[in-house]
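Inspection log for the structure reproduced underneath, given as structure tokens.
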Number of protein chains: 4
Amino acid sequence: MSTFGKLYRVTTYGESHCKSVGAIIDGVPPGLKLTEEDIQVQLSRRRPGQSDITTPRSEFDTVHLQSGTEHGVTLGTPIGLLVQNKDQRPHDYTETDLYPRPSHADYTYLAKYGIKASSGGGRSSARETIGRVAAGAIAEKFLKEAYGVEIVAFVGSVGKVALPFEHEEDQVLGKEYMNLVKTVTREQVDAEITRCPHKATSVKMEETIRAAKAANDSLGGTITCVIRNAPLGLGEPCFDKLEAVLAHAMLSIPSTKGFEIGSGFRGTTFPGSQHNDPFVADAEKGENRLRTTTNWSGGIQGGISNGEDIYFRIGFKPPATISQEQETAQYDGTAGTLATRGRHDPCVLPRAIPIVETMAAIAIMDQVLQQNARSSTAALLAPVTHLPPTMVFPGQRKE
Amino acid sequence: MSTFGKLYRVTTYGESHCKSVGAIIDGVPPGLKLTEEDIQVQLSRRRPGQSDITTPRSEFDTVHLQSGTEHGVTLGTPIGLLVQNKDQRPHDYTETDLYPRPSHADYTYLAKYGIKASSGGGRSSARETIGRVAAGAIAEKFLKEAYGVEIVAFVGSVGKVALPFEHEEDQVLGKEYMNLVKTVTREQVDAEITRCPHKATSVKMEETIRAAKAANDSLGGTITCVIRNAPLGLGEPCFDKLEAVLAHAMLSIPSTKGFEIGSGFRGTTFPGSQHNDPFVADAEKGENRLRTTTNWSGGIQGGISNGEDIYFRIGFKPPATISQEQETAQYDGTAGTLATRGRHDPCVLPRAIPIVETMAAIAIMDQVLQQNARSSTAALLAPVTHLPPTMVFPGQRKE
Amino acid sequence: MSTFGKLYRVTTYGESHCKSVGAIIDGVPPGLKLTEEDIQVQLSRRRPGQSDITTPRSEFDTVHLQSGTEHGVTLGTPIGLLVQNKDQRPHDYTETDLYPRPSHADYTYLAKYGIKASSGGGRSSARETIGRVAAGAIAEKFLKEAYGVEIVAFVGSVGKVALPFEHEEDQVLGKEYMNLVKTVTREQVDAEITRCPHKATSVKMEETIRAAKAANDSLGGTITCVIRNAPLGLGEPCFDKLEAVLAHAMLSIPSTKGFEIGSGFRGTTFPGSQHNDPFVADAEKGENRLRTTTNWSGGIQGGISNGEDIYFRIGFKPPATISQEQETAQYDGTAGTLATRGRHDPCVLPRAIPIVETMAAIAIMDQVLQQNARSSTAALLAPVTHLPPTMVFPGQRKE
Amino acid sequence: MSTFGKLYRVTTYGESHCKSVGAIIDGVPPGLKLTEEDIQVQLSRRRPGQSDITTPRSEFDTVHLQSGTEHGVTLGTPIGLLVQNKDQRPHDYTETDLYPRPSHADYTYLAKYGIKASSGGGRSSARETIGRVAAGAIAEKFLKEAYGVEIVAFVGSVGKVALPFEHEEDQVLGKEYMNLVKTVTREQVDAEITRCPHKATSVKMEETIRAAKAANDSLGGTITCVIRNAPLGLGEPCFDKLEAVLAHAMLSIPSTKGFEIGSGFRGTTFPGSQHNDPFVADAEKGENRLRTTTNWSGGIQGGISNGEDIYFRIGFKPPATISQEQETAQYDGTAGTLATRGRHDPCVLPRAIPIVETMAAIAIMDQVLQQNARSSTAALLAPVTHLPPTMVFPGQRKE
């Protein structure tokens, strides 16, 4: 459905050629300072036309808050917001409308709903993501103010061009890669047109994107996202383990094909003795707080955040809409050649960065509310005193 | 939380040392022939002690149906079921209890709930999966009878030993691998002790598992799962795209680290012109039904099933509990050496096969109910006649 | 939260002094003919200023569809819609802002959210209901087209003035009252300024409202609502019995204090032998379809609709905001006299009629989708043949 | 469906003639001392055969905890529990099985599910309530320990015999009635066989029940329930107003026909000037905490608890199963006379008391968790300082 989350609930509407796209965000904590500018930042990072290696369409997406704030502060009531569409009319039928675009959503939307929007893939349009980005920008703001959470995503590969140090021989993940995960900032990411924060790789990525564009072709790639300073204890086993919720969030983004947490698929090739993350005392955080010396777990153990950096990688397929001629079939089965005209996004990776970050923020925010419900309610009970001290966690209980 | 699904709702309870583990399954269609034997099959494939390369503990898990059926037929009311635990007492505290096991759930469970079960990781125990497997076995039975759905999972790699043909140069995925996806049966899978249906690879996997066992170490690996004959139109965009729901389901299984649908991460390295799946008429299924000639999409386009095989790959990390000595810290931060005694599962992959299959069945069953709600309700309306024929899907509407 | 429903999901936003109020409706069946006019009808029946016995504020609430339809037909994707607010600024603080209005939501909203909207009760404003009315108008349209469902509500009492025939001695409910339930139309209801379709009573109601208005006082009352032609089998026991869902829906409407289904509280005073509804064959509907000769059950038995008229009664308290001086306390506890200026609605009953009808439509629509999910899915199974014929219901199963 | 609640989630299974009835309770706060005895108390108050004016069947319902506690303390993981059924076999078919019992669930269950349990009404059996009562007993224990919440229900009327002082002329509700609401204890309620704590009325009720029993007839009635010391701020507008959630909970109990909060339907006949509850400072609770001098609101304003006693009344219809001959129709429409043999409960009111109390506890517990999620999360933000002092509630924000 079009709602994500249990307590921080994001509901979106809108497709390509309707009047507006928007969202209702329910469960925003009251008392958060919030203006349209706070939301606009991520929308502007998402919008098309930022550079000539993404889509050349020039749209400017301005958010309009409708409700839920007053005097610059959230009221705790639902926030309604919307962004006008430039092209508000269903388009005219042309010959290309006889063809479902290969690997696009045209055919499956028609089959599922029994009726086809003129824009084809309906809600599979990239414009659908505007509501999420706006909703996630609000979550980000809260998480930063309440916990100092930092969420940064960066492009790790485009087509066959990848960061050279993601994987090193005999290492679960490369040292430089883990360093990037620990330290990279949004400023460093935005400094590169490709949003790959490693200059040399970024230059090669740009070249490969320009070549794909010239060939009327498209490219996919991967994005790594890190969430720093997320509180300990997030995730609701057994079905809503934190990695399961993050995977759900990420694979709901258009064009995604894979998700891996921490060491991911590569980690499956190492034995437990090398893959386990040893514990050490966390002097900084106080009594009975532990850290791990390595972080192949990706900040999640048993489905619950352990206080380390949460990082994961997402795969994006090459966009389905390309201007090359494709041998395929029409809706009625007639074989033919589809030549989609128009200018298409040869590579969505750079623009997907804010979408990944904001979906991560939405997922984390919802888990924060769920865990706070539990811990603040349990804290009302008298402390458990009849169990050995190692069975009770300090700081979760008012004593 | 401990419930999965919106209309086919599976709620589970139980951890290692309590009286029983079990589930309530709500939303089972009435009129399905169902006995305990139908459920036992998958439970027996999941249980420990099936071979000496998995856990040597010998438990036999017998399911007891409590409600929801009469005269061998489901009533449409919730099905309660349970499996007794052999070891029903909280265990005694030993020195190893001073240590949270590295990369296990001991520390995060303690931190999240503020209190520690004697069994450590509480619901992260593998016994938790019994409820899911039972619930999924019921879903499987329905899906097979109603649609002829086949769900088969197989082990694709263990540690560094992998099927030799998963990837071929210049091919999105290997031809032999895709052939396995199309044709492999549960019988073929169960013929091998490792549940890798390629004899030569299976032999090597067995060797590597025995070596790990001898070294008191553990191994992870990957599983591929295919769902055949799932109906067209499953998945609920924009947030509950079918791949997002499957990823959620799979990453809720203990020890999972990654999920990829169809061509997955490898697909991100190919351009759109090679990655797109061309359409052809599906003569067999009738008017306006299309198939694709390749299936890099993994049976899902725009978050909706397209009628092709749905296949995906899941990564499992090596089990955290190993008998090697590990330098780590106690709950109070004291550094020390943990030597976990006892016999542990060196590799969970073979036993995870039925867990993957049944979680897939649960996810698909829930989507079937949601899509049937829509299509059967929309079918009550008069047909839309003012739109061009390509805008309306035949067969979705009673005419 | 601000979402109602599981499959027909209505999410609303907006309060008195924000830019707009609106809703996202997810789960609308595709292929429904729908225009803004279809929705406007009920919004116009709800809007203030229709007569001088309700609020004298003159607002005109025009709905703007944002998404989810094209060429006048629903696409199955979420419908976004909104109505602009006339007064879009938070108001200035005046002396009356020091007082929480007695029996209004000012104090509880402040305590719950910790922060106070300038308009006081935030989402408890009557403008909040606009989103529901619009969402319900869409549900009504579908239910009428698919099943011929008719939903009609009417005012049964205002203050101490009530229909004279609701209760008759020794009758569970009065004969004329039951006749009204069976036959009353929206046209008959709208013919009276009070929306009480019994002329003589309506005249008295109008008098009592005018007297209350003159006395700067307010009046409550009751509304009866009937749903005709709802399909057999709606309601999801054990927790979502149809009457439970209807009660939830009705008591979520501002100012409601009570709900009773069928014979309601009065029915509790009659013995089972008089209260039970005997069955007879329903020749019209075909094999094994039964009707009842009386309908004290209110169309629901065991939490499930039985095909008879579903009718219920809702109590509305007198509006809290009155212009009389009231001895009460300020937020800081200081005792004082509150004199609320401005012109207030002396009686909300007439305007509540479309709110009741549309909330009923939303609740029924959601149940229709849930039951259709079950019955269309179960119908895919082979018929049950090993049970006696009285154990299987014809028509639920394709044979 | 068979799950109630969003964060305190109660899922139940079981009908009359299956092996057991039970529940899974998810979201129980960790660290609550809990034994089977804590739960048994309310189950024993609910069980049949407590006196000869309710059902003469003698069953003893012993609860068996399966999971979620260790060493007498909750772990925060799901609690599984069950009660064995005495009669575990589907019964034999007799002539009465040809008849759907009038006003019972036989016909609607058959129509909804397409298949009929031998016990007829399936989950509409009173045994279904066992799971709720157990789940509510746990919630009660928590609420008492954390907040000192007291929940007491009592019978207010049976058939035409009612407390003489519920309504007094020119009073919204009677003084003695309100006094009962304020002070009545479970001990006082249990002292009377009818659970009506007013001796003289109880004696009359007993007589009327014995007369009905002798006449093979049945009687309904009303129950009042009060919740004392519930925290301020519960309820989630706009759809999950506290009274809406309570109404949903209460009308999900078998045989209920009506719900009214506070002054209820009677309150609708008084003008606002008499019905409004004036505020006064609450010296005991501290700064900016208010109380009301009357409580016609029933402890809820704007859908949110205001700290006063929450009280409501529920109507129960006379049980449908009576031993009198009834003219009615068989499943196939054949007219005939049904004479149900066996001994039936002439009046369920006394046994319904613990069901009402525990459902109230479940509903309140779920709201407590939701509000604590909000308030504990909002408390992490810096205090709002740019608004006037009356706009910010002290105590909700850490300063």
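Within each chain, counting starts at residue 1; across the structure tokens, chains are named A, B, ... in the order shown, with ligands numbered 1 upward in that order.
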- request: Return the neighbours of chain D among the residues of chain A, cut-off 9 Å, counting only C-alpha atoms, as an MDAnalysis selection string.
  value: chainID A and resid 6:7 27:33 71 73 76:77 142 145:147 237 368:384 386:387
Could those residues be written to a file, using C-alpha atoms, as a PDB file, in the first residue's frame?
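Dumped everything to again.pdb:
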ATOM      1  CA  LYS A   6       3.690   1.938  12.221  1.00  0.00           C
ATOM      2  CA  LEU A   7       4.131   5.025  14.419  1.00  0.00           C
ATOM      3  CA  GLY A  27       3.300  10.645  14.152  1.00  0.00           C
ATOM      4  CA  VAL A  28       5.760  13.532  13.900  1.00  0.00           C
ATOM      5  CA  PRO A  29       6.807  14.366  17.467  1.00  0.00           C
ATOM      6  CA  PRO A  30       5.372  17.704  18.624  1.00  0.00           C
ATOM      7  CA  GLY A  31       7.746  20.567  19.348  1.00  0.00           C
ATOM      8  CA  LEU A  32      10.138  20.073  16.430  1.00  0.00           C
ATOM      9  CA  LYS A  33      11.185  23.318  14.754  1.00  0.00           C
ATOM     10  CA  HIS A  71       4.755  29.380  14.394  1.00  0.00           C
ATOM     11  CA  VAL A  73       6.934  24.259  15.312  1.00  0.00           C
ATOM     12  CA  GLY A  76       2.094  16.543  16.712  1.00  0.00           C
ATOM     13  CA  THR A  77      -0.811  16.461  14.261  1.00  0.00           C
ATOM     14  CA  PHE A 142      14.290  15.098  14.341  1.00  0.00           C
ATOM     15  CA  GLU A 145      18.362  17.104  16.948  1.00  0.00           C
ATOM     16  CA  ALA A 146      17.416  14.312  19.347  1.00  0.00           C
ATOM     17  CA  TYR A 147      20.312  11.892  18.848  1.00  0.00           C
ATOM     18  CA  PRO A 237      12.224  -9.036  16.147  1.00  0.00           C
ATOM     19  CA  VAL A 368      12.894   4.907  17.456  1.00  0.00           C
ATOM     20  CA  LEU A 369       9.251   5.548  18.326  1.00  0.00           C
ATOM     21  CA  GLN A 370       8.575   1.842  18.781  1.00  0.00           C
ATOM     22  CA  GLN A 371      11.574   1.267  21.025  1.00  0.00           C
ATOM     23  CA  ASN A 372      10.872   4.437  23.026  1.00  0.00           C
ATOM     24  CA  ALA A 373       7.317   3.198  23.592  1.00  0.00           C
ATOM     25  CA  ARG A 374       8.719   0.033  25.143  1.00  0.00           C
ATOM     26  CA  SER A 375      11.587   1.480  27.138  1.00  0.00           C
ATOM     27  CA  SER A 376       9.715   4.479  28.534  1.00  0.00           C
ATOM     28  CA  THR A 377       6.804   2.255  29.547  1.00  0.00           C
ATOM     29  CA  ALA A 378       8.986  -0.481  31.096  1.00  0.00           C
ATOM     30  CA  ALA A 379      10.838   2.229  33.002  1.00  0.00           C
ATOM     31  CA  LEU A 380       7.673   2.845  35.019  1.00  0.00           C
ATOM     32  CA  LEU A 381       8.038  -0.545  36.742  1.00  0.00           C
ATOM     33  CA  ALA A 382      10.021  -1.166  39.895  1.00  0.00           C
ATOM     34  CA  PRO A 383      13.511  -2.407  39.078  1.00  0.00           C
ATOM     35  CA  VAL A 384      14.044  -6.160  38.839  1.00  0.00           C
ATOM     36  CA  HIS A 386      16.031 -10.885  42.002  1.00  0.00           C
ATOM     37  CA  LEU A 387      18.157 -11.607  38.930  1.00  0.00           C
TER      38      LEU A 387
END
message: I'd like to know which residues of segment 101-292 of chain C are strand (DSSP E) (by DSSP, run on the backbone); could you write them as number ranges by chain?
response: C: 150-158, 161-162, 221-228, 256-261, 279-281, 290-292
Write the residues you've just listed into a file as a PDB file, in the first residue's frame, and include N, CA and C atoms for each of them.
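Final file, out-v8.pdb:
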ATOM      1  N   GLU C 150     -27.587   1.553  -0.247  1.00  0.00           N
ATOM      2  CA  GLU C 150     -28.133   2.867   0.090  1.00  0.00           C
ATOM      3  C   GLU C 150     -27.812   3.173   1.542  1.00  0.00           C
ATOM      4  N   ILE C 151     -27.265   4.328   1.803  1.00  0.00           N
ATOM      5  CA  ILE C 151     -26.976   4.729   3.183  1.00  0.00           C
ATOM      6  C   ILE C 151     -27.721   6.030   3.445  1.00  0.00           C
ATOM      7  N   VAL C 152     -28.603   6.018   4.426  1.00  0.00           N
ATOM      8  CA  VAL C 152     -29.379   7.221   4.752  1.00  0.00           C
ATOM      9  C   VAL C 152     -29.361   7.430   6.262  1.00  0.00           C
ATOM     10  N   ALA C 153     -29.014   8.637   6.670  1.00  0.00           N
ATOM     11  CA  ALA C 153     -29.064   8.982   8.095  1.00  0.00           C
ATOM     12  C   ALA C 153     -30.093  10.085   8.298  1.00  0.00           C
ATOM     13  N   PHE C 154     -30.701  10.097   9.488  1.00  0.00           N
ATOM     14  CA  PHE C 154     -31.659  11.177   9.786  1.00  0.00           C
ATOM     15  C   PHE C 154     -31.587  11.523  11.269  1.00  0.00           C
ATOM     16  N   VAL C 155     -32.002  12.731  11.573  1.00  0.00           N
ATOM     17  CA  VAL C 155     -31.998  13.193  12.958  1.00  0.00           C
ATOM     18  C   VAL C 155     -33.230  12.630  13.665  1.00  0.00           C
ATOM     19  N   GLY C 156     -33.002  11.967  14.803  1.00  0.00           N
ATOM     20  CA  GLY C 156     -34.105  11.355  15.546  1.00  0.00           C
ATOM     21  C   GLY C 156     -34.499  12.148  16.769  1.00  0.00           C
ATOM     22  N   SER C 157     -33.564  12.931  17.303  1.00  0.00           N
ATOM     23  CA  SER C 157     -33.899  13.784  18.441  1.00  0.00           C
ATOM     24  C   SER C 157     -32.930  14.950  18.509  1.00  0.00           C
ATOM     25  N   VAL C 158     -33.432  16.053  19.048  1.00  0.00           N
ATOM     26  CA  VAL C 158     -32.611  17.232  19.348  1.00  0.00           C
ATOM     27  C   VAL C 158     -32.972  17.648  20.761  1.00  0.00           C
ATOM     28  N   VAL C 161     -36.482  16.971  22.365  1.00  0.00           N
ATOM     29  CA  VAL C 161     -37.477  16.743  21.304  1.00  0.00           C
ATOM     30  C   VAL C 161     -37.077  15.524  20.468  1.00  0.00           C
ATOM     31  N   ALA C 162     -37.917  14.492  20.498  1.00  0.00           N
ATOM     32  CA  ALA C 162     -37.581  13.256  19.783  1.00  0.00           C
ATOM     33  C   ALA C 162     -38.747  12.799  18.931  1.00  0.00           C
ATOM     34  N   GLY C 221     -28.251  15.612  20.515  1.00  0.00           N
ATOM     35  CA  GLY C 221     -29.349  14.827  19.966  1.00  0.00           C
ATOM     36  C   GLY C 221     -28.857  13.492  19.447  1.00  0.00           C
ATOM     37  N   THR C 222     -29.725  12.859  18.679  1.00  0.00           N
ATOM     38  CA  THR C 222     -29.363  11.534  18.153  1.00  0.00           C
ATOM     39  C   THR C 222     -29.616  11.455  16.655  1.00  0.00           C
ATOM     40  N   ILE C 223     -28.842  10.609  16.010  1.00  0.00           N
ATOM     41  CA  ILE C 223     -29.000  10.350  14.582  1.00  0.00           C
ATOM     42  C   ILE C 223     -29.140   8.839  14.396  1.00  0.00           C
ATOM     43  N   THR C 224     -30.077   8.456  13.551  1.00  0.00           N
ATOM     44  CA  THR C 224     -30.185   7.052  13.153  1.00  0.00           C
ATOM     45  C   THR C 224     -29.658   6.926  11.738  1.00  0.00           C
ATOM     46  N   CYS C 225     -28.918   5.870  11.488  1.00  0.00           N
ATOM     47  CA  CYS C 225     -28.378   5.636  10.140  1.00  0.00           C
ATOM     48  C   CYS C 225     -28.724   4.221   9.710  1.00  0.00           C
ATOM     49  N   VAL C 226     -29.156   4.070   8.468  1.00  0.00           N
ATOM     50  CA  VAL C 226     -29.447   2.738   7.937  1.00  0.00           C
ATOM     51  C   VAL C 226     -28.621   2.483   6.678  1.00  0.00           C
ATOM     52  N   ILE C 227     -28.119   1.267   6.570  1.00  0.00           N
ATOM     53  CA  ILE C 227     -27.368   0.823   5.394  1.00  0.00           C
ATOM     54  C   ILE C 227     -28.163  -0.317   4.776  1.00  0.00           C
ATOM     55  N   ARG C 228     -28.698  -0.086   3.566  1.00  0.00           N
ATOM     56  CA  ARG C 228     -29.501  -1.115   2.907  1.00  0.00           C
ATOM     57  C   ARG C 228     -28.709  -1.795   1.801  1.00  0.00           C
ATOM     58  N   THR C 256     -19.503  12.774  19.543  1.00  0.00           N
ATOM     59  CA  THR C 256     -20.359  11.598  19.741  1.00  0.00           C
ATOM     60  C   THR C 256     -20.156  11.003  21.133  1.00  0.00           C
ATOM     61  N   LYS C 257     -21.232  10.484  21.681  1.00  0.00           N
ATOM     62  CA  LYS C 257     -21.191   9.947  23.057  1.00  0.00           C
ATOM     63  C   LYS C 257     -21.721   8.520  23.164  1.00  0.00           C
ATOM     64  N   GLY C 258     -22.395   8.030  22.124  1.00  0.00           N
ATOM     65  CA  GLY C 258     -22.958   6.696  22.262  1.00  0.00           C
ATOM     66  C   GLY C 258     -23.280   6.094  20.914  1.00  0.00           C
ATOM     67  N   PHE C 259     -23.319   4.760  20.899  1.00  0.00           N
ATOM     68  CA  PHE C 259     -23.616   4.012  19.676  1.00  0.00           C
ATOM     69  C   PHE C 259     -24.439   2.807  20.074  1.00  0.00           C
ATOM     70  N   GLU C 260     -25.519   2.547  19.335  1.00  0.00           N
ATOM     71  CA  GLU C 260     -26.228   1.289  19.570  1.00  0.00           C
ATOM     72  C   GLU C 260     -26.674   0.699  18.241  1.00  0.00           C
ATOM     73  N   ILE C 261     -26.506  -0.615  18.129  1.00  0.00           N
ATOM     74  CA  ILE C 261     -26.830  -1.313  16.893  1.00  0.00           C
ATOM     75  C   ILE C 261     -28.197  -1.984  17.074  1.00  0.00           C
ATOM     76  N   PHE C 279     -35.974 -16.975  11.367  1.00  0.00           N
ATOM     77  CA  PHE C 279     -35.595 -17.063   9.950  1.00  0.00           C
ATOM     78  C   PHE C 279     -36.765 -17.504   9.088  1.00  0.00           C
ATOM     79  N   VAL C 280     -36.765 -17.054   7.835  1.00  0.00           N
ATOM     80  CA  VAL C 280     -37.647 -17.594   6.789  1.00  0.00           C
ATOM     81  C   VAL C 280     -36.836 -17.678   5.492  1.00  0.00           C
ATOM     82  N   ALA C 281     -37.284 -18.515   4.578  1.00  0.00           N
ATOM     83  CA  ALA C 281     -36.598 -18.615   3.293  1.00  0.00           C
ATOM     84  C   ALA C 281     -36.681 -17.281   2.556  1.00  0.00           C
ATOM     85  N   LEU C 290     -31.496 -17.046   3.529  1.00  0.00           N
ATOM     86  CA  LEU C 290     -32.545 -16.809   4.520  1.00  0.00           C
ATOM     87  C   LEU C 290     -32.690 -15.326   4.801  1.00  0.00           C
ATOM     88  N   ARG C 291     -33.871 -14.968   5.297  1.00  0.00           N
ATOM     89  CA  ARG C 291     -34.076 -13.622   5.813  1.00  0.00           C
ATOM     90  C   ARG C 291     -34.624 -13.768   7.227  1.00  0.00           C
ATOM     91  N   THR C 292     -34.771 -12.663   7.912  1.00  0.00           N
ATOM     92  CA  THR C 292     -35.397 -12.730   9.225  1.00  0.00           C
ATOM     93  C   THR C 292     -36.695 -11.936   9.180  1.00  0.00           C
TER      94      THR C 292
END
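Separating atom CA of Thr334 of chain D from atom CA of Ser103 of chain D is a distance of 17.3 Å.
Between atom CA of Asp106 of chain A and atom CA of Met391 of chain B the separation is 10.2 Å.
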Neighbour list for Ile193 of chain A as a PDB file with C-alpha atoms, in the first residue's frame, cut-off 10 Å, only C-alpha atoms, skip fewer than 2 positions in-chain:
ATOM      1  CA  GLN A  50      20.773  19.191 -11.583  1.00  0.00           C
ATOM      2  CA  SER A  51      23.427  18.191 -14.098  1.00  0.00           C
ATOM      3  CA  ASP A  52      23.601  17.088 -17.694  1.00  0.00           C
ATOM      4  CA  ILE A  53      24.534  13.515 -16.771  1.00  0.00           C
ATOM      5  CA  THR A  54      21.159  12.922 -15.174  1.00  0.00           C
ATOM      6  CA  VAL A 189      29.448  13.491  -1.656  1.00  0.00           C
ATOM      7  CA  ASP A 190      27.897  16.580  -3.235  1.00  0.00           C
ATOM      8  CA  ALA A 191      31.297  17.860  -4.318  1.00  0.00           C
ATOM      9  CA  ARG A 195      27.956  11.735  -5.845  1.00  0.00           C
ATOM     10  CA  CYS A 196      30.798   9.224  -5.625  1.00  0.00           C
ATOM     11  CA  PRO A 197      33.127  10.885  -3.112  1.00  0.00           C
ATOM     12  CA  LYS A 199      37.470  11.842  -7.236  1.00  0.00           C
ATOM     13  CA  SER A 202      33.892   9.770 -10.017  1.00  0.00           C
ATOM     14  CA  VAL A 203      35.690  10.972 -13.137  1.00  0.00           C
ATOM     15  CA  MET A 205      31.870   7.170 -13.694  1.00  0.00           C
ATOM     16  CA  GLU A 206      31.086  10.439 -15.421  1.00  0.00           C
ATOM     17  CA  PRO A 350      23.257  10.526  -8.263  1.00  0.00           C
TER      18      PRO A 350
END
Show me, as a compact mmCIF listing (two decimals) with C-alpha atoms, in the first residue's frame, the residues that have an atom within 9 Å of Asp309 of chain C when counting only C-alpha atoms, minus same-chain residues fewer than 4 positions from it.
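What landed in selection17.txt:
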# COMPACT_ATOMS: atom_id res chain seq x y z
CA VAL C 181 -35.56 2.81 8.82
CA LYS C 182 -36.81 0.70 5.94
CA VAL C 226 -29.45 2.74 7.94
CA ILE C 227 -27.37 0.82 5.39
CA ARG C 228 -29.50 -1.12 2.91
CA ASN C 229 -28.37 -3.85 0.51
CA ALA C 230 -25.00 -4.40 2.16
CA ASN C 295 -34.67 -7.31 12.60
CA GLY C 298 -29.84 -4.58 13.24
CA GLY C 299 -28.64 -6.64 10.31
CA ILE C 300 -25.67 -8.13 12.21
CA SER C 305 -23.93 -8.88 8.36
message: Give me, as an MDAnalysis selection string, all polymer residues having an atom no more than 10 Å from Ser297 of chain D, counting only C-alpha atoms and skipping those fewer than 6 positions away in the same chain.
response: (chainID C and resid 102:104 257 317) or (chainID D and resid 261:264 267 275:277 305:306 308:311)
- request: May I ask for the distance between atom CA of Arg9 of chain A and atom CA of Ile304 of chain B, given in Å to one decimal place?
  value: 22.8 Å
query: Got a sec: who's within 10 Å of Pro346 of chain A, counting only C-alpha atoms, leaving out chain neighbours fewer than 3 positions off, as a ChimeraX atom specification?
result: /A:52-56,209-220,318-323,343,349 /B:271-272
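The shortest atom-to-atom distance to Thr12 of chain A, with only C-alpha atoms taken into account, belongs to C:Gln66 out of C:Gln42, C:Thr74, C:Gln66, C:Ser252.
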field: 12 Å contact set for Cys18 of chain D, only C-alpha atoms, chain neighbours under 6 positions out, as a VMD selection string
entry: (chain B and resid 64 to 71 75 77 to 81) or (chain D and resid 83 to 91 117 to 119 122 to 123 125 127 to 128)
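Residue nearest Ala105 of chain A within the list A:Thr3, A:Ser44, A:Ala329, A:Ser255: A:Ser255 [criterion: smallest interatomic distance, only C-alpha atoms].
Among the candidates C:Pro100, C:Thr194, C:Pro394, C:Lys285, the residue lying nearest to Ala339 of chain C is C:Pro100 (atoms considered: only C-alpha atoms).
Counting only C-alpha atoms, the residue from D:Glu15, D:Leu246, D:Ala335, D:Phe239 that sits nearest to Ala363 of chain C is D:Phe239.
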